[in-house]
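Novice: target.csv is reproduced in full below (CSV, C-alpha atoms and all ligand atoms).
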chain,number,residue,atom,x,y,z
A,207,MET,CA,0.0,0.0,0.0
A,208,LYS,CA,1.3,3.4,-0.9
A,209,GLY,CA,2.0,5.8,1.9
A,210,LEU,CA,0.3,9.2,2.0
A,211,LEU,CA,1.7,12.5,3.2
A,212,ILE,CA,-0.8,15.1,4.4
A,213,THR,CA,0.4,18.4,5.9
A,214,LEU,CA,-1.5,20.9,7.9
A,215,GLU,CA,-0.5,24.6,7.6
A,216,GLY,CA,-1.7,27.9,8.8
A,217,ILE,CA,-0.8,30.9,11.0
A,218,ASP,CA,-0.4,30.6,14.8
A,219,GLY,CA,-3.9,30.4,16.3
A,220,SER,CA,-5.6,29.0,13.2
A,221,GLY,CA,-6.6,25.9,15.1
A,222,LYS,CA,-4.7,23.3,13.0
A,223,SER,CA,-3.1,21.5,16.0
A,224,THR,CA,-6.5,21.0,17.6
A,225,ALA,CA,-7.8,19.8,14.3
A,226,ALA,CA,-4.9,17.5,13.8
A,227,LYS,CA,-5.7,15.5,16.9
A,228,GLN,CA,-9.4,15.3,15.9
A,229,ILE,CA,-8.5,14.2,12.4
A,230,ALA,CA,-6.1,11.5,13.6
A,231,SER,CA,-8.7,10.0,16.0
A,232,ARG,CA,-11.5,10.1,13.4
A,233,LEU,CA,-9.2,8.5,10.7
A,234,ALA,CA,-8.2,5.8,13.2
A,235,GLU,CA,-11.9,5.0,13.7
A,236,LEU,CA,-12.7,5.0,10.0
A,237,MET,CA,-9.6,3.0,9.0
A,238,PRO,CA,-8.5,0.8,11.9
A,239,GLU,CA,-6.3,-1.3,9.6
A,240,ARG,CA,-4.3,1.6,8.3
A,241,ARG,CA,-1.2,2.9,10.1
A,242,LEU,CA,-1.4,6.6,11.0
A,243,VAL,CA,1.5,8.7,12.1
A,244,LEU,CA,0.7,12.1,13.6
A,245,THR,CA,3.9,14.2,13.7
A,246,ALA,CA,4.9,17.9,13.7
A,247,GLU,CA,7.5,20.5,13.0
A,248,PRO,CA,9.4,21.8,14.8
A,249,THR,CA,10.1,18.3,15.9
A,250,THR,CA,10.9,16.9,19.4
A,251,GLY,CA,14.4,16.1,18.1
A,252,GLN,CA,17.6,17.9,19.1
A,253,VAL,CA,17.2,20.7,16.6
A,254,GLY,CA,13.5,21.1,17.3
A,255,LYS,CA,14.3,21.5,20.9
A,256,ILE,CA,16.8,24.3,20.2
A,257,LEU,CA,14.3,26.0,18.0
A,258,ARG,CA,11.5,26.0,20.6
A,259,ALA,CA,13.9,27.4,23.2
A,260,GLU,CA,15.0,30.1,20.8
A,261,LEU,CA,11.4,31.0,19.9
A,262,ALA,CA,10.4,31.3,23.5
A,263,ARG,CA,13.5,33.5,24.3
A,264,ALA,CA,12.8,35.7,21.3
A,265,SER,CA,9.4,36.7,22.6
A,266,SER,CA,10.8,39.5,24.7
A,267,ILE,CA,13.0,40.9,22.0
A,268,GLU,CA,11.4,43.9,20.2
A,269,THR,CA,14.2,45.0,17.8
A,270,ARG,CA,14.7,43.2,14.5
A,271,PRO,CA,17.5,40.6,15.0
A,272,PRO,CA,20.6,40.9,12.8
A,273,ALA,CA,20.6,39.1,9.4
A,274,ALA,CA,23.0,36.4,10.6
A,275,LYS,CA,20.5,35.5,13.4
A,276,GLN,CA,17.7,35.2,10.9
A,277,MET,CA,19.8,33.0,8.7
A,278,GLN,CA,20.7,30.8,11.7
A,279,GLU,CA,17.0,30.4,12.4
A,280,LEU,CA,16.2,29.5,8.8
A,281,PHE,CA,18.9,26.8,8.7
A,282,LEU,CA,17.8,25.4,12.0
A,283,PHE,CA,14.3,25.0,10.6
A,284,MET,CA,15.7,23.4,7.5
A,285,ALA,CA,17.9,21.1,9.5
A,286,ASP,CA,14.9,20.1,11.6
A,287,HIS,CA,12.9,19.4,8.5
A,288,ALA,CA,15.7,17.2,7.0
A,289,HIS,CA,15.8,15.3,10.3
A,290,HIS,CA,12.0,14.9,10.3
A,291,LEU,CA,12.1,13.6,6.7
A,292,THR,CA,14.8,11.1,7.2
A,293,LYS,CA,13.9,9.9,10.7
A,294,THR,CA,10.1,10.0,10.6
A,295,VAL,CA,8.3,10.9,7.4
A,296,LEU,CA,10.1,8.7,4.8
A,297,PRO,CA,10.4,5.6,7.0
A,298,ALA,CA,6.7,5.8,7.8
A,299,LEU,CA,5.7,6.3,4.2
A,300,GLU,CA,7.7,3.2,3.3
A,301,THR,CA,5.5,1.2,5.6
A,302,GLY,CA,2.4,2.5,3.7
A,303,ALA,CA,1.3,4.8,6.6
A,304,ILE,CA,-0.7,7.9,6.4
A,305,VAL,CA,1.5,10.6,7.7
A,306,LEU,CA,-0.2,13.7,9.1
A,307,SER,CA,2.3,16.5,9.8
A,308,ASP,CA,1.3,19.6,11.8
A,309,ARG,CA,3.5,22.0,9.8
A,310,TYR,CA,6.1,21.1,7.2
A,311,ALA,CA,8.3,22.9,4.7
A,312,ASP,CA,5.6,25.4,3.7
A,313,SER,CA,5.8,26.9,7.2
A,314,THR,CA,9.5,27.7,6.5
A,315,ALA,CA,8.6,29.4,3.2
A,316,ALA,CA,5.8,31.4,4.8
A,317,TYR,CA,7.4,32.4,8.1
A,318,GLN,CA,11.1,32.7,7.2
A,319,GLY,CA,9.8,34.3,3.9
A,320,VAL,CA,8.9,37.1,6.2
A,321,THR,CA,11.9,37.2,8.6
A,322,LEU,CA,14.3,37.2,5.6
A,323,ARG,CA,12.6,40.2,3.8
A,324,GLY,CA,15.3,42.8,3.1
A,325,ILE,CA,18.0,40.2,3.6
A,326,VAL,CA,17.5,38.1,0.4
A,327,PRO,CA,15.5,39.1,-2.7
A,328,ASP,CA,12.1,37.2,-2.9
A,329,PRO,CA,12.8,35.0,0.2
A,330,VAL,CA,9.7,32.8,-0.3
A,331,HIS,CA,10.9,31.8,-3.7
A,332,TRP,CA,14.6,31.5,-2.5
A,333,ILE,CA,13.6,29.2,0.4
A,334,GLN,CA,11.6,27.0,-2.0
A,335,SER,CA,14.6,26.7,-4.3
A,336,ILE,CA,16.8,25.5,-1.5
A,337,TYR,CA,14.2,22.8,-0.6
A,338,ARG,CA,13.4,21.7,-4.1
A,339,PRO,CA,16.3,19.3,-4.7
A,340,TRP,CA,15.7,17.2,-1.6
A,341,ASN,CA,12.3,17.9,-0.2
A,342,LEU,CA,9.3,15.5,-0.6
A,343,LEU,CA,6.2,17.3,-1.6
A,344,PRO,CA,3.0,16.4,0.3
A,345,ASP,CA,0.2,14.6,-1.4
A,346,ARG,CA,-2.1,17.2,0.0
A,347,THR,CA,-1.7,20.3,2.1
A,348,LEU,CA,-4.6,21.6,4.2
A,349,LEU,CA,-4.2,25.3,4.7
A,350,PHE,CA,-6.2,26.6,7.7
A,351,VAL,CA,-7.2,30.1,6.8
A,352,LEU,CA,-8.1,32.6,9.5
A,353,ASP,CA,-8.0,36.4,9.7
A,354,PRO,CA,-4.8,37.2,11.7
A,355,HIS,CA,-6.7,39.5,14.0
A,356,ALA,CA,-9.1,36.7,14.9
A,357,ALA,CA,-6.1,34.3,15.3
A,358,LEU,CA,-4.5,36.8,17.8
A,359,GLN,CA,-7.7,37.1,19.8
A,360,ARG,CA,-7.9,33.3,20.1
A,361,MET,CA,-4.3,33.2,21.3
A,362,GLN,CA,-4.7,36.0,23.9
A,363,SER,CA,-5.6,33.4,26.5
A,364,ARG,CA,-2.6,31.3,25.8
A,365,ARG,CA,0.5,31.7,28.0
A,366,GLY,CA,4.0,32.3,26.7
A,367,ARG,CA,3.4,34.1,23.5
A,368,GLN,CA,6.1,33.7,20.9
A,369,LYS,CA,7.6,36.3,18.7
A,370,PHE,CA,5.7,35.0,15.7
A,371,GLU,CA,2.4,36.0,17.2
A,372,ARG,CA,2.4,39.7,16.5
A,373,LEU,CA,-0.4,41.0,14.2
A,374,GLU,CA,1.7,42.6,11.5
A,375,PHE,CA,4.0,39.6,11.3
A,376,LEU,CA,1.0,37.2,11.1
A,377,ARG,CA,-0.5,39.3,8.3
A,378,LEU,CA,2.6,38.9,6.2
A,379,VAL,CA,2.8,35.2,7.0
A,380,ASP,CA,-0.8,34.8,6.0
A,381,GLU,CA,-0.1,36.5,2.7
A,382,ASN,CA,2.8,34.1,2.1
A,383,PHE,CA,0.6,31.1,2.8
A,384,ARG,CA,-2.1,32.4,0.4
A,385,ARG,CA,0.6,33.0,-2.2
A,386,LEU,CA,1.9,29.4,-1.8
A,387,ALA,CA,-1.6,28.0,-2.1
A,388,ALA,CA,-2.2,30.1,-5.3
A,389,LEU,CA,1.0,28.7,-6.8
A,390,GLU,CA,-0.1,25.1,-6.3
A,391,PRO,CA,-3.9,25.0,-6.3
A,392,GLU,CA,-3.9,21.2,-6.8
A,393,ARG,CA,-1.9,20.4,-3.7
A,394,PHE,CA,-3.5,23.0,-1.4
A,395,VAL,CA,-7.0,22.7,0.0
A,396,GLN,CA,-8.0,25.9,1.9
A,397,ILE,CA,-10.1,25.3,5.0
A,398,ASP,CA,-12.2,28.1,6.5
A,399,ALA,CA,-10.8,28.1,10.1
A,400,GLU,CA,-13.3,30.7,11.2
A,401,GLN,CA,-16.0,28.0,11.6
A,402,ASP,CA,-16.4,26.1,14.8
A,403,ALA,CA,-13.8,23.5,15.6
A,404,LYS,CA,-16.1,20.5,14.8
A,405,LYS,CA,-16.9,21.8,11.3
A,406,VAL,CA,-13.2,22.6,10.6
A,407,ALA,CA,-12.2,19.0,11.5
A,408,GLU,CA,-15.1,17.6,9.4
A,409,GLU,CA,-14.0,19.6,6.3
A,410,ALA,CA,-10.4,18.6,6.8
A,411,ILE,CA,-11.3,14.9,7.1
A,412,LYS,CA,-13.4,15.2,3.9
A,413,ALA,CA,-10.4,16.6,2.1
A,414,ILE,CA,-8.2,13.8,3.3
A,415,LEU,CA,-10.7,11.1,2.4
A,416,ASN,CA,-10.8,12.6,-1.1
A,417,VAL,CA,-7.1,11.9,-1.5
A,418,ILE,CA,-7.2,8.4,0.0
A,419,TYR,CA,-10.1,7.3,-2.2
A,420,LYS,CA,-9.3,9.3,-5.4
A,501,LIG,P1,3.8,25.6,16.4
A,501,LIG,O1,3.2,26.7,17.2
A,501,LIG,O2,3.0,25.1,15.3
A,501,LIG,O3,4.4,24.5,17.3
A,501,LIG,O4,5.1,26.3,15.7
A,501,LIG,C1,6.1,27.0,16.4
A,501,LIG,C2,6.4,28.3,15.7
A,501,LIG,O5,7.4,28.1,14.8
A,501,LIG,C3,5.2,28.9,15.0
A,501,LIG,O6,5.2,30.3,15.3
A,501,LIG,C4,5.6,28.8,13.5
A,501,LIG,C5,7.1,28.7,13.6
A,501,LIG,N1,7.8,28.0,12.4
A,501,LIG,C6,8.6,28.7,11.6
A,501,LIG,O7,8.8,29.9,11.7
A,501,LIG,N2,9.2,28.1,10.6
A,501,LIG,C7,9.0,26.7,10.4
A,501,LIG,O8,9.6,26.1,9.4
A,501,LIG,C8,8.2,26.0,11.3
A,501,LIG,C9,8.0,24.5,11.1
A,501,LIG,C10,7.6,26.7,12.3
Can the structure in the file be given as structure tokens, please?
Ligand code: TMP

Specialist:
Amino acid sequence: MKGLLITLEGIDGSGKSTAAKQIASRLAELMPERRLVLTAEPTTGQVGKILRAELARASSIETRPPAAKQMQELFLFMADHAHHLTKTVLPALETGAIVLSDRYADSTAAYQGVTLRGIVPDPVHWIQSIYRPWNLLPDRTLLFVLDPHAALQRMQSRRGRQKFERLEFLRLVDENFRRLAALEPERFVQIDAEQDAKKVAEEAIKAILNVIYK
């Protein structure tokens, strides 16, 4: 049986992590015989841990970090993605599993595509060109679309806000995600994340079943 890679993307607060858990348990009910791997980036591996610590620390920094720091962050995200691919995603796909990844390479293009503005020309495109020779494209990418203002309001109650949660920043990330979706309309399915959580999960499951039974 052929493995299937489904990725979930969206700005912080778009509800994709909550949906990921609901999708995973519903798919397990619908297809008890099929192996399902729920995974995420940043990973829980060594580089992922460094990234999470860096992101938490950066929340108190107001000024724009130097270019070298932004590049360091980009390459940490890329190293974490390479680790994720080799240790988790590819081996799971080889067993025929459905791999559900909460964030993947498109997050790097969308987020670091913002942090690298003014450092490299057209950073989204540049990041994609670095990934292209070695990345595995998902079979489907579900993009959870939510107005950044609403996303920030949802996150207000959460503790430990990270630097990526500011409104202006999220607006730019949102634009990048929409641009990525417009470039590959066959791979991306846009989910209206403004709806209540149950409806969001239902729509996401429908999109995944469409890929499985196409
Ligand atoms: P999470 O909240 O989905 O766990 O992700 C942690 C933060 O890391 C989130 O603000 C998005 C950001 N991020 C990037 O900037 N680049 C990436 O490549 C990934 C995977 C996440």

Novice: Could you state the separation of atom C9 of ligand LIG 501 (chain A) and CA of Val305 (chain A) in Å, given to one decimal place?

Specialist: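 Answer for the atom C9 of ligand LIG 501 (chain A) to CA of Val305 (chain A) separation: 15.7 Å.
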
Novice: Just want the 7 Å neighbourhood of region 244-254 of chain A, counted on only C-alpha atoms, with same-chain residues fewer than 3 positions away dropped. Output as an MDAnalysis selection string.

Specialist: chainID A and resid 230 257:258 282 286 290 305:310

Novice: How would you report the residues lying within 8 Å of ligand LIG 501 (chain A), as a list in words, if you count all atoms listed in the file?

Specialist: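 Using all atoms listed in the file, everything at most 8 Å from ligand LIG 501 (chain A) comes to Ile217, Asp218, Ser223, Ala246, Glu247, Pro248, Leu257, Arg258, Leu261, Leu280, Phe283, Met284, His287, Asp308, Arg309, Tyr310, Ala311, Asp312, Ser313, Thr314, Ala315, Ala316, Tyr317, Gln318, Gln368, Lys369, Phe370 and Glu371 of chain A.
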
Novice: Work out how far apart CA of Phe383 (chain A) and CA of Gly302 (chain A) are and give it in Å to one decimal.

Specialist: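 Value for the CA of Phe383 (chain A)-CA of Gly302 (chain A) distance: 28.7 Å.
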
Novice: Which one is closest to Ile418 (chain A): A:Ile397, A:Leu376, A:Ala403, A:Leu236? Count all atoms listed in the file.

Specialist: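 Checking each candidate against Ile418 (chain A), we get A:Leu236 as the closest.
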
Novice: Kindly give the distance, in Å, that separates CA of Thr213 (chain A) and CA of Asp345 (chain A), rounded to a single decimal.

Specialist: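 For CA of Thr213 (chain A) relative to CA of Asp345 (chain A), the distance reads 8.2 Å.
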
Novice: Counting all atoms listed in the file, which of A:Leu349, A:Leu343, A:Val326, A:Val406 gets nearest to Leu386 (chain A)?

Specialist: A:Leu349

Novice: Nearest to Arg346 (chain A): which of A:Asn382, A:Gln359, A:Asn416, A:Gln228 is it, counting all atoms listed in the file?

Specialist: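 Counting all atoms listed in the file, the residue closest to Arg346 (chain A) is A:Asn416.
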
Novice: Out of A:Gln396, A:Gln362, A:Thr224, A:Thr321, which residue has the shortest atom-to-atom distance to Arg270 (chain A) when counting all atoms listed in the file?

Specialist: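 Among A:Gln396, A:Gln362, A:Thr224, A:Thr321, it is A:Thr321 that comes nearest to Arg270 (chain A).
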
Novice: Around the point (-15.7, 24.7, 12.5) in the file's coordinates, collect all residues with an atom within 12 Å, using all atoms listed in the file, and return them as a tab-separated table (two decimals) with C-alpha atoms, keeping the file's coordinate frame.

Specialist:
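And here's part30.tsv as it stands now:
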chain	number	residue	atom	x	y	z
A	220	SER	CA	-5.60	29.00	13.20
A	221	GLY	CA	-6.60	25.90	15.10
A	222	LYS	CA	-4.70	23.30	13.00
A	224	THR	CA	-6.50	21.00	17.60
A	225	ALA	CA	-7.80	19.80	14.30
A	228	GLN	CA	-9.40	15.30	15.90
A	350	PHE	CA	-6.20	26.60	7.70
A	351	VAL	CA	-7.20	30.10	6.80
A	352	LEU	CA	-8.10	32.60	9.50
A	397	ILE	CA	-10.10	25.30	5.00
A	398	ASP	CA	-12.20	28.10	6.50
A	399	ALA	CA	-10.80	28.10	10.10
A	400	GLU	CA	-13.30	30.70	11.20
A	401	GLN	CA	-16.00	28.00	11.60
A	402	ASP	CA	-16.40	26.10	14.80
A	403	ALA	CA	-13.80	23.50	15.60
A	404	LYS	CA	-16.10	20.50	14.80
A	405	LYS	CA	-16.90	21.80	11.30
A	406	VAL	CA	-13.20	22.60	10.60
A	407	ALA	CA	-12.20	19.00	11.50
A	408	GLU	CA	-15.10	17.60	9.40
A	409	GLU	CA	-14.00	19.60	6.30
A	410	ALA	CA	-10.40	18.60	6.80

Novice: So which residues touch Val320 (chain A) within 8 Å, counting all atoms listed in the file, skipping near sequence neighbours fewer than 4 positions away, as an mmCIF file with C-alpha atoms, keeping the file's coordinate frame?

Specialist:
data_model
loop_
_atom_site.group_PDB
_atom_site.id
_atom_site.type_symbol
_atom_site.label_atom_id
_atom_site.label_comp_id
_atom_site.auth_asym_id
_atom_site.auth_seq_id
_atom_site.Cartn_x
_atom_site.Cartn_y
_atom_site.Cartn_z
ATOM 1 C CA ALA A 316 5.800 31.400 4.800
ATOM 2 C CA PRO A 329 12.800 35.000 0.200
ATOM 3 C CA VAL A 330 9.700 32.800 -0.300
ATOM 4 C CA PHE A 375 4.000 39.600 11.300
ATOM 5 C CA LEU A 378 2.600 38.900 6.200
ATOM 6 C CA VAL A 379 2.800 35.200 7.000
ATOM 7 C CA ASN A 382 2.800 34.100 2.100
#

Novice: Out of A:Leu214, A:Ala288, A:Ala264, A:Ala303, which residue has the shortest atom-to-atom distance to Ile336 (chain A) when counting all atoms listed in the file?

Specialist: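 With all atoms listed in the file as the atom set, the closest residue is A:Ala288.
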
Novice: Select, from A:Leu322, A:Glu260, A:Ile229, A:Arg377, the residue with the minimum atom-to-atom distance to Ala274 (chain A), counting only C-alpha atoms.

Specialist: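 Checking each of A:Leu322, A:Glu260, A:Ile229, A:Arg377 against Ala274 (chain A), counting only C-alpha atoms, the winner is A:Leu322.
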
Novice: Could I get region 338-350 of chain A rebuilt with N, CA, C and O atoms, written as a PDB file, keeping the file's coordinate frame?

Specialist:
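Full text of rebuild.pdb as output:
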ATOM      1  N   ARG A 338      13.846  22.492  -2.938  1.00  0.00           N
ATOM      2  CA  ARG A 338      13.400  21.700  -4.100  1.00  0.00           C
ATOM      3  C   ARG A 338      14.202  20.420  -4.362  1.00  0.00           C
ATOM      4  O   ARG A 338      13.605  19.365  -4.582  1.00  0.00           O
ATOM      5  N   PRO A 339      15.563  20.467  -4.342  1.00  0.00           N
ATOM      6  CA  PRO A 339      16.300  19.300  -4.700  1.00  0.00           C
ATOM      7  C   PRO A 339      16.156  18.073  -3.772  1.00  0.00           C
ATOM      8  O   PRO A 339      16.457  16.939  -4.148  1.00  0.00           O
ATOM      9  N   TRP A 340      15.721  18.329  -2.529  1.00  0.00           N
ATOM     10  CA  TRP A 340      15.700  17.200  -1.600  1.00  0.00           C
ATOM     11  C   TRP A 340      14.433  17.034  -0.790  1.00  0.00           C
ATOM     12  O   TRP A 340      14.266  16.054  -0.077  1.00  0.00           O
ATOM     13  N   ASN A 341      13.517  17.951  -0.948  1.00  0.00           N
ATOM     14  CA  ASN A 341      12.300  17.900  -0.200  1.00  0.00           C
ATOM     15  C   ASN A 341      11.285  16.890  -0.823  1.00  0.00           C
ATOM     16  O   ASN A 341      11.318  16.705  -2.035  1.00  0.00           O
ATOM     17  N   LEU A 342      10.416  16.300  -0.014  1.00  0.00           N
ATOM     18  CA  LEU A 342       9.300  15.500  -0.600  1.00  0.00           C
ATOM     19  C   LEU A 342       8.059  16.324  -0.485  1.00  0.00           C
ATOM     20  O   LEU A 342       7.680  16.781   0.598  1.00  0.00           O
ATOM     21  N   LEU A 343       7.401  16.526  -1.626  1.00  0.00           N
ATOM     22  CA  LEU A 343       6.200  17.300  -1.600  1.00  0.00           C
ATOM     23  C   LEU A 343       5.023  16.508  -1.028  1.00  0.00           C
ATOM     24  O   LEU A 343       4.899  15.315  -1.325  1.00  0.00           O
ATOM     25  N   PRO A 344       4.197  17.132  -0.214  1.00  0.00           N
ATOM     26  CA  PRO A 344       3.000  16.400   0.300  1.00  0.00           C
ATOM     27  C   PRO A 344       2.045  16.021  -0.753  1.00  0.00           C
ATOM     28  O   PRO A 344       1.959  16.687  -1.793  1.00  0.00           O
ATOM     29  N   ASP A 345       1.277  14.949  -0.508  1.00  0.00           N
ATOM     30  CA  ASP A 345       0.200  14.600  -1.400  1.00  0.00           C
ATOM     31  C   ASP A 345      -0.902  15.635  -1.368  1.00  0.00           C
ATOM     32  O   ASP A 345      -1.560  15.918  -2.354  1.00  0.00           O
ATOM     33  N   ARG A 346      -1.135  16.168  -0.172  1.00  0.00           N
ATOM     34  CA  ARG A 346      -2.100  17.200   0.000  1.00  0.00           C
ATOM     35  C   ARG A 346      -1.699  18.118   1.178  1.00  0.00           C
ATOM     36  O   ARG A 346      -1.160  17.612   2.164  1.00  0.00           O
ATOM     37  N   THR A 347      -1.944  19.395   1.044  1.00  0.00           N
ATOM     38  CA  THR A 347      -1.700  20.300   2.100  1.00  0.00           C
ATOM     39  C   THR A 347      -2.961  21.054   2.489  1.00  0.00           C
ATOM     40  O   THR A 347      -3.572  21.691   1.624  1.00  0.00           O
ATOM     41  N   LEU A 348      -3.372  20.922   3.750  1.00  0.00           N
ATOM     42  CA  LEU A 348      -4.600  21.600   4.200  1.00  0.00           C
ATOM     43  C   LEU A 348      -4.153  22.936   4.811  1.00  0.00           C
ATOM     44  O   LEU A 348      -3.397  22.951   5.791  1.00  0.00           O
ATOM     45  N   LEU A 349      -4.619  24.018   4.225  1.00  0.00           N
ATOM     46  CA  LEU A 349      -4.200  25.300   4.700  1.00  0.00           C
ATOM     47  C   LEU A 349      -5.424  25.890   5.548  1.00  0.00           C
ATOM     48  O   LEU A 349      -6.505  26.134   5.001  1.00  0.00           O
ATOM     49  N   PHE A 350      -5.208  26.061   6.848  1.00  0.00           N
ATOM     50  CA  PHE A 350      -6.200  26.600   7.700  1.00  0.00           C
ATOM     51  C   PHE A 350      -6.204  28.106   7.655  1.00  0.00           C
ATOM     52  O   PHE A 350      -5.249  28.719   8.111  1.00  0.00           O
TER      53      PHE A 350
END
